[in-house]
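Colleague: The structure file target_34.txt (compact mmCIF, C-alpha atoms and all ligand atoms) is provided below.
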# COMPACT_ATOMS: atom_id res chain seq x y z
CA MET C 1 17.04 21.31 12.09
CA ALA C 2 20.25 22.51 13.63
CA ILE C 3 23.51 20.91 12.58
CA LYS C 4 26.50 21.27 14.86
CA ILE C 5 30.10 20.53 13.96
CA GLU C 6 32.32 19.84 16.92
CA GLN C 7 36.02 19.92 16.16
CA ILE C 8 38.12 18.19 18.81
CA LYS C 9 41.91 18.42 18.85
CA ILE C 10 43.44 15.26 20.28
CA GLY C 11 46.72 13.40 20.53
CA PRO C 12 50.44 13.96 20.05
CA LEU C 13 50.02 14.75 16.34
CA ASP C 14 47.30 17.37 16.86
CA ASN C 15 44.62 15.40 15.04
CA PHE C 16 41.20 16.90 14.52
CA ILE C 17 38.28 14.57 15.22
CA TYR C 18 34.87 15.74 14.07
CA ILE C 19 31.50 14.99 15.61
CA VAL C 20 28.70 16.23 13.37
CA SER C 21 25.35 16.20 15.11
CA ASP C 22 21.71 16.81 14.40
CA GLU C 23 20.69 18.77 17.47
CA THR C 24 17.00 18.04 16.91
CA GLU C 25 17.19 14.27 16.54
CA LYS C 26 20.17 13.95 18.88
CA ASN C 27 22.19 11.71 16.62
CA CYS C 28 25.61 12.18 15.09
CA PHE C 29 28.37 10.78 12.97
CA MET C 30 32.05 10.89 13.77
CA ILE C 31 34.98 11.41 11.41
CA ASP C 32 38.35 9.80 12.20
CA PRO C 33 37.91 8.89 15.90
CA ALA C 34 41.33 8.50 17.48
CA TRP C 35 43.55 8.77 20.56
CA ASP C 36 41.07 9.26 23.36
CA PRO C 37 37.85 7.22 23.03
CA ALA C 38 36.82 8.01 26.62
CA LEU C 39 36.87 11.73 25.91
CA LEU C 40 34.88 11.29 22.69
CA ASP C 41 32.39 9.04 24.48
CA LYS C 42 32.05 11.61 27.24
CA TYR C 43 31.13 14.23 24.65
CA LEU C 44 28.42 11.91 23.27
CA ASN C 45 27.05 11.22 26.74
CA GLU C 46 27.09 14.81 27.93
CA ASN C 47 25.23 15.89 24.81
CA SER C 48 22.87 12.87 24.80
CA LEU C 49 23.98 11.95 21.29
CA LYS C 50 23.57 8.60 19.58
CA LEU C 51 26.44 7.71 17.30
CA SER C 52 24.89 6.64 13.96
CA PHE C 53 28.04 5.78 11.97
CA ILE C 54 31.76 6.45 11.61
CA LEU C 55 33.48 7.83 8.51
CA LEU C 56 37.22 7.54 7.90
CA THR C 57 39.09 9.94 5.63
CA HIS C 58 41.83 7.29 5.47
CA THR C 59 43.19 4.53 7.67
CA HIS C 60 46.50 5.79 9.03
CA PRO C 61 46.67 4.83 12.72
CA ASP C 62 46.50 8.40 14.01
CA HIS C 63 43.03 8.75 12.42
CA ILE C 64 41.49 5.43 13.45
CA ASN C 65 42.92 4.19 16.73
CA ALA C 66 39.66 4.75 18.62
CA VAL C 67 37.35 3.13 16.03
CA ASP C 68 37.49 -0.35 17.55
CA TYR C 69 36.36 1.02 20.93
CA PHE C 70 33.10 2.26 19.42
CA LEU C 71 32.61 -0.82 17.21
CA LYS C 72 32.98 -3.11 20.24
CA LYS C 73 30.61 -1.01 22.28
CA ASP C 74 27.84 -1.10 19.67
CA LYS C 75 27.80 -4.15 17.43
CA GLU C 76 25.23 -2.48 15.13
CA LEU C 77 27.57 0.42 14.43
CA LYS C 78 29.27 0.63 11.03
CA VAL C 79 32.51 2.18 9.89
CA TYR C 80 32.77 3.48 6.31
CA PHE C 81 36.04 3.78 4.45
CA HIS C 82 37.47 3.28 0.96
CA LYS C 83 38.45 -0.25 0.00
CA GLU C 84 41.84 0.93 -1.27
CA ASP C 85 42.79 1.68 2.34
CA ALA C 86 41.79 -1.75 3.63
CA PHE C 87 45.43 -2.90 3.47
CA MET C 88 46.09 -0.81 6.60
CA TYR C 89 42.98 -1.46 8.68
CA LYS C 90 40.48 -4.24 9.17
CA ALA C 91 37.28 -3.92 11.16
CA PRO C 92 34.82 -6.81 11.68
CA LYS C 93 33.31 -7.64 8.27
CA GLU C 94 29.72 -7.15 9.39
CA GLN C 95 30.57 -3.67 10.69
CA THR C 96 32.52 -2.55 7.61
CA GLU C 97 31.07 -0.64 4.65
CA PHE C 98 33.37 0.24 1.79
CA MET C 99 32.55 3.49 0.07
CA GLU C 100 33.44 4.79 -3.35
CA ASP C 101 33.75 8.11 -5.13
CA LYS C 102 30.45 9.99 -5.52
CA ARG C 103 28.64 7.86 -2.98
CA GLU C 104 25.96 9.85 -1.26
CA MET C 105 24.85 9.17 2.28
CA GLU C 106 22.04 10.76 4.17
CA PHE C 107 22.23 12.52 7.50
CA ALA C 108 19.61 14.86 8.97
CA ASP C 109 17.80 15.09 5.61
CA LYS C 110 21.00 16.36 3.98
CA ARG C 111 23.56 14.66 1.77
CA ILE C 112 27.10 13.63 2.62
CA SER C 113 29.01 13.33 -0.66
CA VAL C 114 32.09 11.14 -0.75
CA ILE C 115 34.93 12.51 -2.87
CA HIS C 116 37.73 9.99 -3.49
CA THR C 117 40.99 11.92 -3.24
CA PRO C 118 43.86 9.41 -3.54
CA GLY C 119 47.46 10.48 -3.11
CA HIS C 120 48.31 10.62 0.58
CA THR C 121 46.90 7.07 0.67
CA PRO C 122 45.19 5.20 -2.19
CA GLY C 123 41.86 5.23 -0.37
CA SER C 124 41.86 8.79 0.96
CA CYS C 125 38.45 10.45 0.78
CA CYS C 126 37.02 13.86 1.59
CA PHE C 127 33.45 14.36 2.74
CA LEU C 128 31.25 17.24 1.64
CA PHE C 129 28.33 17.97 3.92
CA ASP C 130 26.19 21.08 3.98
CA GLY C 131 28.95 23.24 2.46
CA ASN C 132 31.60 21.81 4.77
CA LEU C 133 34.50 19.76 3.42
CA PHE C 134 36.35 17.35 5.72
CA THR C 135 39.71 16.85 4.08
CA GLY C 136 41.64 14.41 6.30
CA ASP C 137 45.30 14.42 5.27
CA THR C 138 44.65 15.39 1.65
CA LEU C 139 44.39 19.16 2.11
CA PHE C 140 45.60 21.12 5.13
CA ILE C 141 45.50 24.84 5.70
CA SER C 142 48.42 26.13 3.60
CA ALA C 143 49.72 22.59 3.12
CA CYS C 144 48.84 19.10 1.92
CA GLY C 145 49.39 15.50 2.99
CA ARG C 146 52.71 13.67 2.84
CA ILE C 147 53.50 11.46 -0.13
CA ASP C 148 56.54 9.66 1.28
CA LEU C 149 54.48 6.95 3.01
CA PRO C 150 53.66 3.39 1.85
CA ARG C 151 51.47 3.54 -1.29
CA SER C 152 51.39 7.35 -1.33
CA ASP C 153 51.34 8.76 -4.86
CA GLY C 154 52.29 12.36 -5.66
CA LYS C 155 50.71 12.41 -9.12
CA GLU C 156 47.43 11.19 -7.69
CA LEU C 157 47.59 13.86 -4.98
CA VAL C 158 48.01 16.53 -7.67
CA LYS C 159 44.80 15.32 -9.35
CA SER C 160 42.99 15.23 -6.02
CA LEU C 161 44.02 18.79 -5.11
CA VAL C 162 42.87 19.98 -8.54
CA LYS C 163 39.54 18.19 -7.96
CA LEU C 164 39.07 19.92 -4.59
CA SER C 165 40.04 23.32 -6.02
CA LYS C 166 36.96 23.16 -8.27
CA LEU C 167 34.53 23.16 -5.36
CA PRO C 168 32.64 26.39 -4.67
CA ASP C 169 34.70 29.25 -3.20
CA LYS C 170 32.94 29.41 0.13
CA THR C 171 33.18 25.66 0.84
CA LYS C 172 34.52 25.50 4.38
CA VAL C 173 37.63 23.35 4.79
CA TYR C 174 38.04 21.25 7.92
CA PRO C 175 41.43 19.49 7.89
CA GLY C 176 42.55 16.32 9.68
CA HIS C 177 45.31 18.02 11.67
CA SER C 178 45.72 21.33 13.42
CA TYR C 179 48.41 22.76 11.19
CA ASN C 180 48.12 26.52 10.62
CA GLY C 181 44.69 26.88 12.18
CA ARG C 182 41.27 25.28 12.59
CA SER C 183 39.46 25.87 9.31
CA SER C 184 39.70 27.61 5.98
CA SER C 185 37.83 27.82 2.69
CA ILE C 186 38.44 26.58 -0.83
CA ALA C 187 38.82 30.19 -2.04
CA ILE C 188 41.51 30.91 0.57
CA GLU C 189 43.38 27.68 -0.17
CA ARG C 190 43.17 28.23 -3.94
CA GLU C 191 44.70 31.66 -3.46
CA HIS C 192 47.24 31.06 -0.68
CA ASN C 193 48.08 27.35 -0.47
CA LEU C 194 51.37 26.96 -2.34
CA TYR C 195 50.82 23.22 -2.85
CA MET C 196 47.35 23.67 -4.30
CA LYS C 197 48.66 26.46 -6.52
CA LEU C 198 51.49 24.26 -7.80
CA ALA C 199 49.11 21.33 -8.31
CA LEU C 200 46.98 23.61 -10.49
CA LYS C 201 49.75 24.85 -12.73
CA ASP C 202 53.03 22.99 -12.33
CA GLU C 203 52.96 19.29 -11.43
CA GLU C 204 56.72 18.88 -11.88
CA THR C 205 57.55 21.59 -9.35
CA PHE C 206 54.90 20.25 -6.98
CA LEU C 207 56.52 16.82 -7.06
CA ARG C 208 60.00 18.30 -6.52
CA ALA C 209 58.73 20.44 -3.63
CA MET C 210 57.27 17.35 -1.96
CA ARG C 211 60.52 15.33 -2.06
FE FE O 301 47.64 10.27 7.19
How would this structure read if it were set down as structure tokens?
Modeller:
Amino acid sequence: MAIKIEQIKIGPLDNFIYIVSDETEKNCFMIDPAWDPALLDKYLNENSLKLSFILLTHTHPDHINAVDYFLKKDKELKVYFHKEDAFMYKAPKEQTEFMEDKREMEFADKRISVIHTPGHTPGSCCFLFDGNLFTGDTLFISACGRIDLPRSDGKELVKSLVKLSKLPDKTKVYPGHSYNGRSSSIAIEREHNLYMKLALKDEETFLRAMR
């Protein structure tokens, strides 16, 4: 089967929304739908795609402000996010699934692995699917997420960046914002991302650099 990853740049903060589709079965899941639900819906319609579920890397408003549109449209649809981020966003109970570290979900006969990466928010998660890593606001190209926001935690972010650095070299990195490009790899970030490098060898300097 053919998997397609559509990366859509939307909104005043240059968010990346991802629509991952199974071109054979014509279904898809969406990561962090925000800003322009009509445009996202148009993409689904034009490509005859059924939205199977929504995943959230975290629940900051710029990553979720189109979720309710899709949940209202399809009452069977579910949104998955980490419980630790529930203090910022509530969806109808019957449409909410909390997910935890190491949870595995199935899509197109492949696995989506949930990696809990707290720091930017307590419930931040990355998703590994078919060698692609969707990193939300945890890891950006040559940067990482802010830790000056409510319930951010720099020490946790250090641990999360170390965790991500251990993934295979060629793992493709798809960040949650268009900062410094569209995609990267774990090998490139391990070598060139100053924040990941500091997280790996000097937590103190990392924390000072983030102030
Ligand atoms: Fe964020």
Colleague: Rounded to one decimal, what separation in Å do you get between atom CA of C:Pro150 and atom CA of C:Ala34?
Modeller: 20.6 Å
Colleague: Out of C:Phe140, C:Phe127, C:Tyr174, C:Tyr18, which residue has the shortest atom-to-atom distance to ligand FE 301 (chain O) when counting all atoms listed in the file?
Modeller: C:Phe140
Colleague: Can you pull out every residue with an atom within 7 Å of ligand FE 301 (chain O)? Use only C-alpha atoms and all ligand atoms and format it as a tab-separated table (two decimals) with C-alpha atoms, in the coordinates of the input.
Modeller:
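Heads up, here's the output in pocket-v4.tsv:
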chain	number	residue	atom	x	y	z
C	58	HIS	CA	41.83	7.29	5.47
C	60	HIS	CA	46.50	5.79	9.03
C	120	HIS	CA	48.31	10.62	0.58
C	137	ASP	CA	45.30	14.42	5.27
C	145	GLY	CA	49.39	15.50	2.99
Colleague: Pick out the residues sitting within 7 Å of C:Phe81, and hand them over as a PyMOL selection string; count all atoms listed in the file, and ignore anything fewer than 3 positions along from it in its own chain.
Modeller: chain C and resi 55-58+97-99
Colleague: Have a look at C:Glu23, C:Asp74, C:Gly119, C:Tyr69 and name the one nearest to C:Asp36; count all atoms listed in the file.
Modeller: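 Answer, going by the shortest atom-to-atom distance: C:Tyr69.
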Colleague: Considering only C-alpha atoms, state which residue in the set C:Pro168, C:Leu161, C:Phe16, C:Leu207 is at the smallest distance from C:Asp148.
Modeller: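 Between C:Pro168, C:Leu161, C:Phe16, C:Leu207, the residue approaching C:Asp148 most closely is C:Leu207.
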Colleague: Can you tell me, as a PyMOL selection string, which residues sit within 12 Å of (37.4, 19.7, -5.9) in the file's frame, using all atoms listed in the file?
Modeller: chain C and resi 102+113-117+125-128+133-135+138-139+157-169+171+173+185-187+189-190+196+200
Colleague: Just checking: using all atoms listed in the file, which residue out of C:Gly11, C:Lys172, C:Asn27, C:Ser184 ends up closest to C:Gly131?
Modeller: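 Distance minimum relative to C:Gly131 lands on C:Lys172.
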Colleague: Please indicate the distance in Å from atom CA of C:Tyr80 to atom CA of C:Gln95, rounded to one decimal place.
Modeller: 8.7 Å
Colleague: With all atoms listed in the file as the counted atoms, please give the residues lying no more than 8 Å from C:His192, apart from itself and same-chain residues fewer than 4 positions off, as a ChimeraX atom specification.
Modeller: /C:142,188,197
Colleague: Take atom CA of C:Lys4 and atom CA of C:Phe29 and report the distance between them in Å, one decimal.
Modeller: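 Rounded to one decimal, the two atoms are 10.8 Å apart.
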Colleague: Place a sphere of radius 6 Å on (33.0, 6.3, 13.7) in the file coordinates and name every protein, DNA or RNA residue with an atom inside or on its surface, counting only C-alpha atoms; give the answer as a ChimeraX atom specification.
Modeller: /C:30-31,33,53-55,67,79
Colleague: What's around C:Ile147 at 9 Å? Count all atoms listed in the file, leave out sequence neighbours fewer than 4 positions away in its own chain, and write the answer as number ranges by chain.
Modeller: C: 119-121, 151-154, 157, 210-211
Colleague: Could you check the closest approach to C:His82 for each of C:Pro122, C:Pro175, C:Gly136, C:Pro12 and tell me which residue wins, using only C-alpha atoms?
Modeller: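 Checking each candidate against C:His82, we get C:Pro122 as the closest.
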Colleague: Have stretch 152-163 of chain C completed to all heavy atoms, please, and pass it along as a PDB file, keeping the file's coordinate frame.
Modeller:
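Final file, part-v3.pdb:
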ATOM      1  N   SER C 152      51.705   5.960  -0.963  1.00  0.00           N
ATOM      2  CA  SER C 152      51.390   7.350  -1.330  1.00  0.00           C
ATOM      3  C   SER C 152      51.723   7.527  -2.807  1.00  0.00           C
ATOM      4  O   SER C 152      52.566   6.813  -3.347  1.00  0.00           O
ATOM      5  CB  SER C 152      52.247   8.333  -0.534  1.00  0.00           C
ATOM      6  OG  SER C 152      51.917   8.316   0.826  1.00  0.00           O
ATOM      7  N   ASP C 153      51.096   8.523  -3.446  1.00  0.00           N
ATOM      8  CA  ASP C 153      51.340   8.760  -4.860  1.00  0.00           C
ATOM      9  C   ASP C 153      51.170  10.249  -5.166  1.00  0.00           C
ATOM     10  O   ASP C 153      50.052  10.775  -5.136  1.00  0.00           O
ATOM     11  CB  ASP C 153      50.345   7.905  -5.674  1.00  0.00           C
ATOM     12  CG  ASP C 153      50.602   7.979  -7.173  1.00  0.00           C
ATOM     13  OD1 ASP C 153      51.015   9.058  -7.666  1.00  0.00           O
ATOM     14  OD2 ASP C 153      50.391   6.962  -7.852  1.00  0.00           O
ATOM     15  N   GLY C 154      52.292  10.909  -5.448  1.00  0.00           N
ATOM     16  CA  GLY C 154      52.290  12.360  -5.660  1.00  0.00           C
ATOM     17  C   GLY C 154      51.425  12.791  -6.832  1.00  0.00           C
ATOM     18  O   GLY C 154      50.705  13.787  -6.758  1.00  0.00           O
ATOM     19  N   LYS C 155      51.490  12.022  -7.936  1.00  0.00           N
ATOM     20  CA  LYS C 155      50.710  12.410  -9.120  1.00  0.00           C
ATOM     21  C   LYS C 155      49.211  12.316  -8.842  1.00  0.00           C
ATOM     22  O   LYS C 155      48.423  13.125  -9.326  1.00  0.00           O
ATOM     23  CB  LYS C 155      51.094  11.532 -10.311  1.00  0.00           C
ATOM     24  CG  LYS C 155      52.478  11.864 -10.810  1.00  0.00           C
ATOM     25  CD  LYS C 155      52.790  11.208 -12.128  1.00  0.00           C
ATOM     26  CE  LYS C 155      54.127  11.748 -12.621  1.00  0.00           C
ATOM     27  NZ  LYS C 155      54.490  11.274 -13.933  1.00  0.00           N
ATOM     28  N   GLU C 156      48.844  11.320  -8.066  1.00  0.00           N
ATOM     29  CA  GLU C 156      47.430  11.190  -7.690  1.00  0.00           C
ATOM     30  C   GLU C 156      47.008  12.348  -6.786  1.00  0.00           C
ATOM     31  O   GLU C 156      45.900  12.867  -6.891  1.00  0.00           O
ATOM     32  CB  GLU C 156      47.200   9.845  -6.954  1.00  0.00           C
ATOM     33  CG  GLU C 156      47.239   8.633  -7.858  1.00  0.00           C
ATOM     34  CD  GLU C 156      46.132   8.645  -8.905  1.00  0.00           C
ATOM     35  OE1 GLU C 156      44.990   8.974  -8.566  1.00  0.00           O
ATOM     36  OE2 GLU C 156      46.429   8.348 -10.081  1.00  0.00           O
ATOM     37  N   LEU C 157      47.922  12.750  -5.886  1.00  0.00           N
ATOM     38  CA  LEU C 157      47.590  13.860  -4.980  1.00  0.00           C
ATOM     39  C   LEU C 157      47.374  15.157  -5.781  1.00  0.00           C
ATOM     40  O   LEU C 157      46.487  15.941  -5.458  1.00  0.00           O
ATOM     41  CB  LEU C 157      48.670  14.048  -3.908  1.00  0.00           C
ATOM     42  CG  LEU C 157      48.367  15.116  -2.849  1.00  0.00           C
ATOM     43  CD1 LEU C 157      47.049  14.838  -2.113  1.00  0.00           C
ATOM     44  CD2 LEU C 157      49.500  15.229  -1.829  1.00  0.00           C
ATOM     45  N   VAL C 158      48.191  15.354  -6.806  1.00  0.00           N
ATOM     46  CA  VAL C 158      48.010  16.530  -7.670  1.00  0.00           C
ATOM     47  C   VAL C 158      46.580  16.540  -8.223  1.00  0.00           C
ATOM     48  O   VAL C 158      45.861  17.540  -8.132  1.00  0.00           O
ATOM     49  CB  VAL C 158      49.034  16.525  -8.840  1.00  0.00           C
ATOM     50  CG1 VAL C 158      48.650  17.539  -9.917  1.00  0.00           C
ATOM     51  CG2 VAL C 158      50.430  16.829  -8.321  1.00  0.00           C
ATOM     52  N   LYS C 159      46.156  15.402  -8.775  1.00  0.00           N
ATOM     53  CA  LYS C 159      44.800  15.320  -9.350  1.00  0.00           C
ATOM     54  C   LYS C 159      43.734  15.584  -8.297  1.00  0.00           C
ATOM     55  O   LYS C 159      42.732  16.251  -8.552  1.00  0.00           O
ATOM     56  CB  LYS C 159      44.564  13.934  -9.958  1.00  0.00           C
ATOM     57  CG  LYS C 159      45.278  13.696 -11.261  1.00  0.00           C
ATOM     58  CD  LYS C 159      44.817  12.376 -11.863  1.00  0.00           C
ATOM     59  CE  LYS C 159      45.990  11.625 -12.452  1.00  0.00           C
ATOM     60  NZ  LYS C 159      45.784  10.196 -12.577  1.00  0.00           N
ATOM     61  N   SER C 160      43.975  15.061  -7.093  1.00  0.00           N
ATOM     62  CA  SER C 160      42.990  15.230  -6.020  1.00  0.00           C
ATOM     63  C   SER C 160      42.897  16.698  -5.581  1.00  0.00           C
ATOM     64  O   SER C 160      41.805  17.212  -5.332  1.00  0.00           O
ATOM     65  CB  SER C 160      43.352  14.347  -4.814  1.00  0.00           C
ATOM     66  OG  SER C 160      43.225  12.991  -5.175  1.00  0.00           O
ATOM     67  N   LEU C 161      44.041  17.370  -5.498  1.00  0.00           N
ATOM     68  CA  LEU C 161      44.020  18.790  -5.110  1.00  0.00           C
ATOM     69  C   LEU C 161      43.327  19.624  -6.184  1.00  0.00           C
ATOM     70  O   LEU C 161      42.583  20.556  -5.872  1.00  0.00           O
ATOM     71  CB  LEU C 161      45.447  19.295  -4.853  1.00  0.00           C
ATOM     72  CG  LEU C 161      46.130  18.704  -3.606  1.00  0.00           C
ATOM     73  CD1 LEU C 161      47.593  19.137  -3.540  1.00  0.00           C
ATOM     74  CD2 LEU C 161      45.414  19.096  -2.321  1.00  0.00           C
ATOM     75  N   VAL C 162      43.548  19.263  -7.440  1.00  0.00           N
ATOM     76  CA  VAL C 162      42.870  19.980  -8.540  1.00  0.00           C
ATOM     77  C   VAL C 162      41.355  19.763  -8.414  1.00  0.00           C
ATOM     78  O   VAL C 162      40.559  20.699  -8.551  1.00  0.00           O
ATOM     79  CB  VAL C 162      43.394  19.495  -9.915  1.00  0.00           C
ATOM     80  CG1 VAL C 162      42.529  20.029 -11.053  1.00  0.00           C
ATOM     81  CG2 VAL C 162      44.851  19.928 -10.103  1.00  0.00           C
ATOM     82  N   LYS C 163      40.969  18.522  -8.138  1.00  0.00           N
ATOM     83  CA  LYS C 163      39.540  18.190  -7.960  1.00  0.00           C
ATOM     84  C   LYS C 163      38.925  19.050  -6.854  1.00  0.00           C
ATOM     85  O   LYS C 163      37.866  19.650  -7.036  1.00  0.00           O
ATOM     86  CB  LYS C 163      39.474  16.710  -7.562  1.00  0.00           C
ATOM     87  CG  LYS C 163      38.170  16.000  -7.816  1.00  0.00           C
ATOM     88  CD  LYS C 163      38.300  14.585  -7.206  1.00  0.00           C
ATOM     89  CE  LYS C 163      37.589  13.524  -7.940  1.00  0.00           C
ATOM     90  NZ  LYS C 163      37.663  12.210  -7.276  1.00  0.00           N
TER      91      LYS C 163
END
